[in-house]
Structures are given as structure tokens and as C-alpha cells.
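S.K.: Pasting protein_35.pdb below, which is PDB, C-alpha atoms.
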```
MODEL        1
ATOM      1  CA  MET A   1      -9.282  19.671  15.873
ATOM      2  CA  PRO A   2      -5.837  21.229  16.363
ATOM      3  CA  HIS A   3      -2.950  20.315  14.111
ATOM      4  CA  ARG A   4      -1.465  16.886  14.839
ATOM      5  CA  ASP A   5       1.526  15.002  13.540
ATOM      6  CA  ILE A   6       0.221  12.563  10.968
ATOM      7  CA  PHE A   7       1.418   9.887   8.584
ATOM      8  CA  LEU A   8      -0.366   8.137   5.749
ATOM      9  CA  ILE A   9       0.082   4.578   4.495
ATOM     10  CA  VAL A  10      -0.698   5.187   0.831
ATOM     11  CA  GLY A  11      -0.185   1.680  -0.590
ATOM     12  CA  ALA A  12       0.480  -0.177  -2.724
ATOM     13  CA  GLN A  13      -2.588  -2.388  -2.907
ATOM     14  CA  ARG A  14      -2.143  -6.064  -1.937
ATOM     15  CA  CYS A  15       1.242  -5.355  -0.352
ATOM     16  CA  GLY A  16       0.465  -5.993   3.305
ATOM     17  CA  THR A  17      -0.852  -2.545   4.207
ATOM     18  CA  SER A  18      -3.579  -4.012   6.449
ATOM     19  CA  TRP A  19      -0.884  -5.928   8.327
ATOM     20  CA  LEU A  20       1.201  -2.766   8.709
ATOM     21  CA  TRP A  21      -1.877  -0.888   9.951
ATOM     22  CA  GLN A  22      -2.352  -3.510  12.663
ATOM     23  CA  GLN A  23       1.302  -3.441  13.704
ATOM     24  CA  LEU A  24       1.302   0.348  14.063
ATOM     25  CA  ASP A  25      -2.091   0.493  15.736
ATOM     26  CA  ALA A  26      -0.724  -1.767  18.489
ATOM     27  CA  HIS A  27       1.761   0.931  19.489
ATOM     28  CA  PRO A  28       0.469   2.953  22.478
ATOM     29  CA  GLN A  29       1.749   6.265  21.064
ATOM     30  CA  ILE A  30       0.121   5.782  17.640
ATOM     31  CA  TYR A  31      -3.548   6.153  16.798
ATOM     32  CA  MET A  32      -4.693   4.670  13.491
ATOM     33  CA  ALA A  33      -7.874   5.909  11.809
ATOM     34  CA  LYS A  34     -10.707   3.459  12.380
ATOM     35  CA  PRO A  35     -12.240   1.344  11.108
ATOM     36  CA  LEU A  36      -9.529  -0.421   9.116
ATOM     37  CA  ALA A  37     -12.130  -1.055   6.419
ATOM     38  CA  PRO A  38     -13.609   0.740   4.679
ATOM     39  CA  GLU A  39     -10.585   2.992   4.281
ATOM     40  CA  PRO A  40     -10.909   6.789   4.571
ATOM     41  CA  LYS A  41     -10.028   7.464   0.883
ATOM     42  CA  PHE A  42     -10.587  11.108   1.747
ATOM     43  CA  PHE A  43      -7.953  12.568  -0.570
ATOM     44  CA  SER A  44      -8.807  10.347  -3.545
ATOM     45  CA  MET A  45     -12.607  10.638  -3.578
ATOM     46  CA  ASP A  46     -14.052  13.994  -4.631
ATOM     47  CA  ASP A  47     -17.280  13.692  -2.651
ATOM     48  CA  ARG A  48     -15.371  13.080   0.572
ATOM     49  CA  TYR A  49     -12.680  15.670  -0.068
ATOM     50  CA  GLN A  50     -15.320  18.336  -0.631
ATOM     51  CA  LYS A  51     -16.499  17.875   2.961
ATOM     52  CA  GLY A  52     -13.323  19.581   4.160
ATOM     53  CA  MET A  53     -10.512  18.950   6.616
ATOM     54  CA  ASP A  54     -12.618  19.544   9.737
ATOM     55  CA  TRP A  55     -14.796  16.634   8.633
ATOM     56  CA  TYR A  56     -11.674  14.546   7.959
ATOM     57  CA  TRP A  57     -10.222  15.114  11.409
ATOM     58  CA  ASP A  58     -13.519  14.654  13.237
ATOM     59  CA  THR A  59     -14.542  11.550  11.297
ATOM     60  CA  TRP A  60     -11.330   9.594  11.493
ATOM     61  CA  PHE A  61      -9.409  10.905  14.506
ATOM     62  CA  ARG A  62     -11.927  12.048  17.089
ATOM     63  CA  ASP A  63     -10.827   9.294  19.484
ATOM     64  CA  ALA A  64      -7.073   9.850  19.092
ATOM     65  CA  GLY A  65      -6.705  11.177  22.622
ATOM     66  CA  ASN A  66      -3.102  12.016  23.508
ATOM     67  CA  ALA A  67      -1.481   9.903  20.805
ATOM     68  CA  ARG A  68       1.878  11.287  19.770
ATOM     69  CA  ILE A  69       1.088  10.746  16.088
ATOM     70  CA  VAL A  70      -1.952   9.621  14.116
ATOM     71  CA  GLY A  71      -2.102   7.719  10.878
ATOM     72  CA  GLU A  72      -4.423   6.419   8.237
ATOM     73  CA  LYS A  73      -4.265   3.857   5.426
ATOM     74  CA  SER A  74      -5.830   4.253   1.997
ATOM     75  CA  THR A  75      -4.255   2.223  -0.809
ATOM     76  CA  SER A  76      -6.148   4.197  -3.459
ATOM     77  CA  TYR A  77      -3.825   7.129  -2.702
ATOM     78  CA  PHE A  78      -0.936   5.313  -4.413
ATOM     79  CA  GLU A  79      -2.576   5.287  -7.839
ATOM     80  CA  SER A  80      -4.492   8.551  -7.507
ATOM     81  CA  GLU A  81      -3.299  11.533  -9.533
ATOM     82  CA  GLN A  82      -4.856  14.123  -7.220
ATOM     83  CA  ALA A  83      -4.251  12.558  -3.799
ATOM     84  CA  PRO A  84      -0.547  13.507  -3.426
ATOM     85  CA  GLN A  85      -1.254  17.149  -4.254
ATOM     86  CA  ARG A  86      -4.268  17.292  -1.944
ATOM     87  CA  ILE A  87      -2.323  15.687   0.901
ATOM     88  CA  HIS A  88       0.520  18.161   0.442
ATOM     89  CA  GLU A  89      -1.813  21.166   0.315
ATOM     90  CA  ASN A  90      -3.517  20.201   3.574
ATOM     91  CA  LEU A  91      -0.834  18.178   5.390
ATOM     92  CA  PRO A  92       2.527  19.458   4.092
ATOM     93  CA  ASP A  93       4.463  17.968   7.036
ATOM     94  CA  ALA A  94       2.869  14.520   6.782
ATOM     95  CA  LYS A  95       5.076  11.464   6.536
ATOM     96  CA  ILE A  96       4.255   9.110   3.699
ATOM     97  CA  LEU A  97       4.680   5.336   4.055
ATOM     98  CA  ILE A  98       4.723   3.266   0.857
ATOM     99  CA  LEU A  99       4.700  -0.501   1.336
ATOM    100  CA  LEU A 100       5.783  -2.720  -1.578
ATOM    101  CA  ARG A 101       6.188  -6.439  -2.187
ATOM    102  CA  ASN A 102       7.381  -8.701  -4.972
ATOM    103  CA  PRO A 103       5.320  -7.327  -7.896
ATOM    104  CA  VAL A 104       4.791 -10.817  -9.362
ATOM    105  CA  HIS A 105       3.209 -12.023  -6.128
ATOM    106  CA  ARG A 106       1.308  -8.758  -5.820
ATOM    107  CA  ALA A 107      -0.244  -9.121  -9.279
ATOM    108  CA  ILE A 108      -1.336 -12.702  -8.629
ATOM    109  CA  SER A 109      -2.700 -11.776  -5.197
ATOM    110  CA  ASN A 110      -4.639  -8.900  -6.769
ATOM    111  CA  TYR A 111      -6.153 -11.302  -9.308
ATOM    112  CA  HIS A 112      -7.323 -13.734  -6.624
ATOM    113  CA  PHE A 113      -8.660 -10.877  -4.491
ATOM    114  CA  SER A 114     -10.772  -9.696  -7.429
ATOM    115  CA  ARG A 115     -12.078 -13.232  -7.959
ATOM    116  CA  GLN A 116     -12.941 -13.590  -4.279
ATOM    117  CA  ASN A 117     -14.942 -10.363  -4.461
ATOM    118  CA  GLY A 118     -16.880 -11.528  -7.523
ATOM    119  CA  PHE A 119     -15.353  -9.060 -10.007
ATOM    120  CA  GLU A 120     -13.067 -11.385 -11.976
ATOM    121  CA  THR A 121     -14.321 -14.247 -14.172
ATOM    122  CA  ARG A 122     -11.269 -14.887 -16.366
ATOM    123  CA  THR A 123      -8.574 -17.461 -15.709
ATOM    124  CA  LEU A 124      -5.007 -16.418 -14.889
ATOM    125  CA  GLU A 125      -3.950 -17.499 -18.364
ATOM    126  CA  GLU A 126      -6.677 -15.388 -19.965
ATOM    127  CA  VAL A 127      -5.617 -12.358 -17.924
ATOM    128  CA  PHE A 128      -1.833 -12.466 -18.232
ATOM    129  CA  LEU A 129      -1.063 -14.562 -21.313
ATOM    130  CA  ASP A 130      -4.082 -14.223 -23.602
ATOM    131  CA  ARG A 131      -4.917 -10.658 -22.514
ATOM    132  CA  VAL A 132      -8.651 -11.256 -22.690
ATOM    133  CA  PRO A 133     -10.511  -7.980 -21.966
ATOM    134  CA  ALA A 134     -11.770  -7.478 -18.424
ATOM    135  CA  PRO A 135     -15.422  -8.264 -17.672
ATOM    136  CA  ALA A 136     -17.916  -5.511 -17.010
ATOM    137  CA  LEU A 137     -18.619  -4.674 -13.396
ATOM    138  CA  PRO A 138     -22.148  -5.133 -12.039
ATOM    139  CA  GLY A 139     -24.202  -1.981 -12.448
ATOM    140  CA  ASP A 140     -24.731  -1.563  -8.718
ATOM    141  CA  VAL A 141     -21.005  -1.690  -7.853
ATOM    142  CA  THR A 142     -19.193   1.526  -6.922
ATOM    143  CA  ILE A 143     -15.430   1.281  -6.426
ATOM    144  CA  SER A 144     -12.646   3.848  -6.032
ATOM    145  CA  ALA A 145     -10.057   1.955  -8.110
ATOM    146  CA  SER A 146     -10.316  -0.605 -10.882
ATOM    147  CA  PRO A 147     -10.049  -4.208  -9.636
ATOM    148  CA  PHE A 148      -8.331  -5.222 -12.889
ATOM    149  CA  ARG A 149      -5.129  -3.128 -12.936
ATOM    150  CA  TYR A 150      -2.989  -6.121 -12.058
ATOM    151  CA  LEU A 151       0.059  -5.220 -14.128
ATOM    152  CA  GLU A 152      -0.061  -1.437 -13.780
ATOM    153  CA  ARG A 153      -0.109  -1.493  -9.979
ATOM    154  CA  GLY A 154       3.226  -3.278  -9.908
ATOM    155  CA  ASP A 155       4.984  -0.433 -11.707
ATOM    156  CA  TYR A 156       5.850   1.016  -8.332
ATOM    157  CA  TRP A 157       8.040   3.877  -9.450
ATOM    158  CA  VAL A 158       5.057   5.617 -11.071
ATOM    159  CA  GLY A 159       3.293   5.832  -7.697
ATOM    160  CA  ILE A 160       6.426   6.804  -5.782
ATOM    161  CA  GLU A 161       7.265   9.562  -8.239
ATOM    162  CA  ARG A 162       3.816  11.092  -7.759
ATOM    163  CA  TYR A 163       4.668  11.726  -4.105
ATOM    164  CA  LEU A 164       8.201  12.930  -4.775
ATOM    165  CA  ARG A 165       6.737  15.735  -6.900
ATOM    166  CA  TYR A 166       5.276  17.244  -3.732
ATOM    167  CA  PHE A 167       7.203  15.854  -0.757
ATOM    168  CA  PRO A 168      10.943  15.809  -0.025
ATOM    169  CA  LYS A 169      12.588  12.401   0.074
ATOM    170  CA  GLU A 170      12.897  12.454   3.858
ATOM    171  CA  GLN A 171       9.079  12.510   4.127
ATOM    172  CA  VAL A 172       8.533   9.549   1.795
ATOM    173  CA  LYS A 173       9.629   6.212   3.258
ATOM    174  CA  VAL A 174       9.483   3.116   1.076
ATOM    175  CA  LEU A 175       9.122  -0.190   2.931
ATOM    176  CA  ILE A 176       9.393  -3.724   1.602
ATOM    177  CA  LEU A 177       6.989  -6.306   3.023
ATOM    178  CA  GLU A 178       9.426  -9.209   2.715
ATOM    179  CA  GLU A 179      12.093  -7.219   4.559
ATOM    180  CA  LEU A 180       9.740  -6.327   7.407
ATOM    181  CA  LEU A 181       8.612  -9.915   7.858
ATOM    182  CA  ALA A 182      12.110 -11.418   7.704
ATOM    183  CA  ASN A 183      13.895  -8.895   9.929
ATOM    184  CA  PRO A 184      12.342  -8.124  13.342
ATOM    185  CA  GLU A 185      14.517  -5.018  13.707
ATOM    186  CA  LYS A 186      12.876  -3.348  10.724
ATOM    187  CA  LEU A 187       9.590  -2.506  12.423
ATOM    188  CA  PRO A 188      11.287  -0.572  15.275
ATOM    189  CA  GLU A 189      13.035   1.423  12.543
ATOM    190  CA  VAL A 190       9.585   2.452  11.323
ATOM    191  CA  TYR A 191       8.655   3.510  14.854
ATOM    192  CA  GLY A 192      11.774   5.664  15.003
ATOM    193  CA  TYR A 193      10.949   7.235  11.654
ATOM    194  CA  LEU A 194       7.503   8.161  12.986
ATOM    195  CA  GLY A 195       9.013   9.683  16.120
ATOM    196  CA  VAL A 196       7.654   7.231  18.684
ATOM    197  CA  GLU A 197       9.521   5.151  21.226
ATOM    198  CA  ALA A 198      10.642   1.553  20.811
ATOM    199  CA  PHE A 199       7.791  -0.825  21.507
ATOM    200  CA  GLU A 200       8.416  -4.370  22.697
ATOM    201  CA  ASP A 201       4.910  -5.583  23.537
ATOM    202  CA  SER A 202       3.240  -5.878  20.145
ATOM    203  CA  GLY A 203       3.267  -9.666  20.292
ATOM    204  CA  GLY A 204       5.899 -10.010  17.600
ATOM    205  CA  ILE A 205       5.736 -10.023  13.829
ATOM    206  CA  GLU A 206       2.661 -11.953  12.805
ATOM    207  CA  ALA A 207       1.612 -13.100   9.358
ATOM    208  CA  PRO A 208      -0.063 -10.551   7.087
ATOM    209  CA  VAL A 209      -3.822 -10.267   7.290
ATOM    210  CA  ASN A 210      -6.354 -10.156   4.461
ATOM    211  CA  ILE A 211      -4.361 -12.670   2.395
ATOM    212  CA  SER A 212      -5.679 -13.993  -0.913
ATOM    213  CA  GLU A 213      -4.943 -17.600  -1.763
ATOM    214  CA  GLY A 214      -3.661 -19.376  -4.850
ATOM    215  CA  ILE A 215      -0.158 -18.047  -5.517
ATOM    216  CA  GLY A 216       1.375 -21.513  -5.212
ATOM    217  CA  GLU A 217      -0.890 -22.842  -7.979
ATOM    218  CA  VAL A 218       0.386 -20.545 -10.737
ATOM    219  CA  SER A 219       1.994 -22.042 -13.830
ATOM    220  CA  GLY A 220       5.614 -21.393 -14.710
ATOM    221  CA  GLY A 221       4.588 -19.642 -17.908
ATOM    222  CA  ILE A 222       2.694 -16.982 -15.992
ATOM    223  CA  PHE A 223       5.581 -16.492 -13.551
ATOM    224  CA  ASP A 224       8.011 -16.153 -16.471
ATOM    225  CA  PHE A 225       5.785 -13.587 -18.158
ATOM    226  CA  LEU A 226       5.400 -11.518 -15.013
ATOM    227  CA  GLN A 227       9.091 -11.632 -14.142
ATOM    228  CA  ASP A 228      10.013 -10.514 -17.643
ATOM    229  CA  HIS A 229       7.414  -7.759 -17.483
ATOM    230  CA  TYR A 230       8.672  -6.367 -14.165
ATOM    231  CA  ARG A 231      12.414  -6.930 -14.413
ATOM    232  CA  SER A 232      13.324  -3.540 -15.916
ATOM    233  CA  LYS A 233      10.828  -1.768 -13.656
ATOM    234  CA  VAL A 234      12.373  -3.339 -10.565
ATOM    235  CA  GLU A 235      15.872  -2.442 -11.722
ATOM    236  CA  ALA A 236      14.806   1.187 -12.221
ATOM    237  CA  LEU A 237      13.218   1.238  -8.774
ATOM    238  CA  SER A 238      16.376  -0.144  -7.155
ATOM    239  CA  ASN A 239      18.163   3.062  -8.176
ATOM    240  CA  TYR A 240      16.005   4.858  -5.616
ATOM    241  CA  VAL A 241      15.518   2.257  -2.888
ATOM    242  CA  SER A 242      18.703   0.569  -1.650
ATOM    243  CA  LEU A 243      17.267  -2.847  -0.923
ATOM    244  CA  PRO A 244      18.042  -6.329  -2.321
ATOM    245  CA  PHE A 245      15.302  -6.423  -4.945
ATOM    246  CA  TRP A 246      17.140  -9.244  -6.684
ATOM    247  CA  GLU A 247      15.815 -11.558  -3.977
ATOM    248  CA  TRP A 248      12.379 -11.176  -5.522
ATOM    249  CA  TRP A 249      13.581 -13.070  -8.576
ATOM    250  CA  GLY A 250      15.373 -15.841  -6.711
ATOM    251  CA  PHE A 251      18.822 -15.264  -8.136
ATOM    252  CA  GLU A 252      21.900 -13.640  -6.647
ATOM    253  CA  ASP A 253      22.834 -10.061  -7.273
ATOM    254  CA  ASP A 254      25.551  -9.696  -9.896
TER     255      ASP A 254
ENDMDL
END
```
Could you render the structure as C-alpha cells?
M.R.:
Amino acid sequence: MPHRDIFLIVGAQRCGTSWLWQQLDAHPQIYMAKPLAPEPKFFSMDDRYQKGMDWYWDTWFRDAGNARIVGEKSTSYFESEQAPQRIHENLPDAKILILLRNPVHRAISNYHFSRQNGFETRTLEEVFLDRVPAPALPGDVTISASPFRYLERGDYWVGIERYLRYFPKEQVKVLILEELLANPEKLPEVYGYLGVEAFEDSGGIEAPVNISEGIGEVSGGIFDFLQDHYRSKVEALSNYVSLPFWEWWGFEDD
């Protein structure tokens, strides 16, 4: 397949990336790699990467037609050490989309997602307050990323910095889920960044898909712990991304 303009939604996990995939796939000038699940994970899984770029293009984009730009979503790329380098070596002009959300909500959502998939047996208190070790995974389960990295995945700067080692800032766009949902003009800004025309027929901003339940049932002690854990990390991140991160904590910016 000839060279095409491409972008990659690299994560973070449990931050609305499936919702963003759906919003972009609705645009007539964008083709998103299908199916939505399972994700390609081409650049983070050795056995797939070894099949080569021809296999990548033919497997995930054979039906792209005349799309102006193509894209894929693999959240494992955000926490992979090798994925950013591999993407840069093969797709040096690719645009990178990183979608983030309140890290406290993300961690709790990740916990409930792991419980729903049968991986997690501990209570929230055992995970975040008592720090009980994670259970063993069933022997027949093969996964590309640990389902138990609830705290680590919310240290967003670590993942962003991995991509800034290889890509200039103008190719790495950080998006905030809460901002996209609250401000209808934000999604057209993403279209412009990707080089496609304004699109008015997507049906509007709908609620995120693939939601895990239970955030409203969390005790204040767990929220306090998570906010304390992430406060300095969010402040450090705000030096790079000029967005009102203070809204995540529910208090006004000083």
C-alpha cells in the first residue's frame, strides 16, 4: 500500500479513546482501522511487529479507499517502551493523539474494568489503601498490558515524554476528555489538526462508550488518597499542557 497520512490514538487507557475512535470514524474523510476491538497493538506486540509494515497496512487499512487520512487506536502504545520508537522509525510523519481524563476517575474506572473482566478480586480499599498484592491471572489469559497498573497509568507525563523523545511537539497533541465533552467546538479543532474539513453531521457529542460503573460509590478516603497521590503529577503535567487541570480537583485555580 502506498504511503498515507496517518494518526494514532495511543491512549491513555480508560480515558475515552473508544469514544474518540467513534467520533473520528464518523468523519467521511477519516478511515479508522477496524475492528475497534481487538485493537491493532502492532507496534507494542513483538509477534505482530515482526510481520512487517506491509502486513500492517493490508490488515488494518485495506478498505480505506480515498480517505484523506487514516488512523488507529491502541492504548497499549501509551505505556509501551518500544512503541514510540517503532512508530517513529516506520511512520515519522504520523500525528499522535493522547487522550487523558481526571486520573482519579481513570484509576477507579480501570479497577472496575478489571473486575468486570474477571481479573480483579480485591476491594477498592484493599487495592488503594491497604495495598494488598494483585491476584494471579488465570493461566490461559494472554494480555498485552497488566490490568492492575491503576496508579501508574495516571502518571501521564511518563507516557507523553516517551513520545516527545521521538516526535516534535507539533506532532503530539494532548486532548482532555472532559474538555471535549463539555465544549462542542473542541472536536472540530481535532479535525483541523488532522487536516480534514469541518464536519457537522456526526450527530453531536455523545456519551463515551465502553464505560465501567461504580465511580459514584467510592469512599471519601479513597478519593483523598488518589487526589493526594496525583496532585504533584498533575501540576507537573500542567507545565506542558495549558488546560485547567485544577477543575479535576474541584477547586479554583490560585
S.K.: Quick one: apply the PyMOL selection byres ((chain A and resi 79) around 9) to the file and drop the selected residues here as a PyMOL selection string.
M.R.: chain A and resi 10-12+75-78+80-81+83+145+153+158-159+162
S.K.: Carefully work through the PyMOL selection byres ((chain A and resi 39) around 12) for this structure and note down the residues it includes, as an mmCIF file with C-alpha atoms, keeping the file's coordinate frame.
M.R.:
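Dumped everything to expr_32.cif:
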```cif
data_model
loop_
_atom_site.group_PDB
_atom_site.id
_atom_site.type_symbol
_atom_site.label_atom_id
_atom_site.label_comp_id
_atom_site.auth_asym_id
_atom_site.auth_seq_id
_atom_site.Cartn_x
_atom_site.Cartn_y
_atom_site.Cartn_z
ATOM 1 C CA LEU A 8 -0.366 8.137 5.749
ATOM 2 C CA ILE A 9 0.082 4.578 4.495
ATOM 3 C CA VAL A 10 -0.698 5.187 0.831
ATOM 4 C CA GLY A 11 -0.185 1.680 -0.590
ATOM 5 C CA THR A 17 -0.852 -2.545 4.207
ATOM 6 C CA SER A 18 -3.579 -4.012 6.449
ATOM 7 C CA TRP A 21 -1.877 -0.888 9.951
ATOM 8 C CA MET A 32 -4.693 4.670 13.491
ATOM 9 C CA ALA A 33 -7.874 5.909 11.809
ATOM 10 C CA LYS A 34 -10.707 3.459 12.380
ATOM 11 C CA PRO A 35 -12.240 1.344 11.108
ATOM 12 C CA LEU A 36 -9.529 -0.421 9.116
ATOM 13 C CA ALA A 37 -12.130 -1.055 6.419
ATOM 14 C CA PRO A 38 -13.609 0.740 4.679
ATOM 15 C CA PRO A 40 -10.909 6.789 4.571
ATOM 16 C CA LYS A 41 -10.028 7.464 0.883
ATOM 17 C CA PHE A 42 -10.587 11.108 1.747
ATOM 18 C CA PHE A 43 -7.953 12.568 -0.570
ATOM 19 C CA SER A 44 -8.807 10.347 -3.545
ATOM 20 C CA MET A 45 -12.607 10.638 -3.578
ATOM 21 C CA ARG A 48 -15.371 13.080 0.572
ATOM 22 C CA THR A 59 -14.542 11.550 11.297
ATOM 23 C CA TRP A 60 -11.330 9.594 11.493
ATOM 24 C CA GLY A 71 -2.102 7.719 10.878
ATOM 25 C CA GLU A 72 -4.423 6.419 8.237
ATOM 26 C CA LYS A 73 -4.265 3.857 5.426
ATOM 27 C CA SER A 74 -5.830 4.253 1.997
ATOM 28 C CA THR A 75 -4.255 2.223 -0.809
ATOM 29 C CA SER A 76 -6.148 4.197 -3.459
ATOM 30 C CA TYR A 77 -3.825 7.129 -2.702
ATOM 31 C CA ILE A 143 -15.430 1.281 -6.426
ATOM 32 C CA SER A 144 -12.646 3.848 -6.032
#
```
S.K.: What residues have an atom no more than 6 Å from (5.9, 11.1, 10.1) in the file's own frame, counting only C-alpha atoms, and can you write them as a short mmCIF file (atom, residue, chain, number, x, y, z; two decimals) with C-alpha atoms, in the frame of the given file?
M.R.:
```cif
data_model
loop_
_atom_site.label_atom_id
_atom_site.label_comp_id
_atom_site.auth_asym_id
_atom_site.auth_seq_id
_atom_site.Cartn_x
_atom_site.Cartn_y
_atom_site.Cartn_z
CA ILE A 6 0.22 12.56 10.97
CA PHE A 7 1.42 9.89 8.58
CA ALA A 94 2.87 14.52 6.78
CA LYS A 95 5.08 11.46 6.54
CA LEU A 194 7.50 8.16 12.99
#
```
S.K.: Tell me, as a VMD selection string, which residues lie within 10 Å of region 185-192 of chain A, counting all atoms listed in the file; anything in the same chain fewer than 2 positions away does not count.
M.R.: chain A and resid 20 23 to 24 27 29 to 30 97 173 175 to 176 179 to 183 194 to 200 204 to 205
S.K.: At what distance in Å, to one decimal, does CA of Pro147 (chain A) lie from CA of Ile222 (chain A)?
M.R.: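 So the two atoms, CA of Ile222 (chain A) and CA of Pro147 (chain A), lie 19.1 Å apart.
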S.K.: When you count all atoms listed in the file, which of these residues is closest to Phe225 (chain A): A:Gly118, A:Trp157, A:Val104, A:Val241?
M.R.: A:Val104
S.K.: Distance cut-off 6 Å, centre (-12.5, -6.5, -10.6) in file coordinates, counting only C-alpha atoms: which residues qualify? Return them as a PyMOL selection string.
M.R.: chain A and resi 114+119-120+147-148
S.K.: Of the candidates A:Glu125, A:Asp155, A:Asp140, A:Asp46, which shows the shortest atom-to-atom distance to Leu237 (chain A), using all atoms listed in the file?
M.R.: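 Of the candidates, the smallest distance to Leu237 (chain A) is held by A:Asp155.
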S.K.: Provide the CA of Gly154 (chain A) to CA of Leu100 (chain A) distance in Å, to one decimal place.
M.R.: 8.7 Å
S.K.: Which residue, A:Pro168, A:Gly65, A:Gly16, A:Pro28, has the smallest gap to Ile98 (chain A) when you use all atoms listed in the file?
M.R.: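 Ranking A:Pro168, A:Gly65, A:Gly16, A:Pro28 by distance to Ile98 (chain A), first place goes to A:Gly16.
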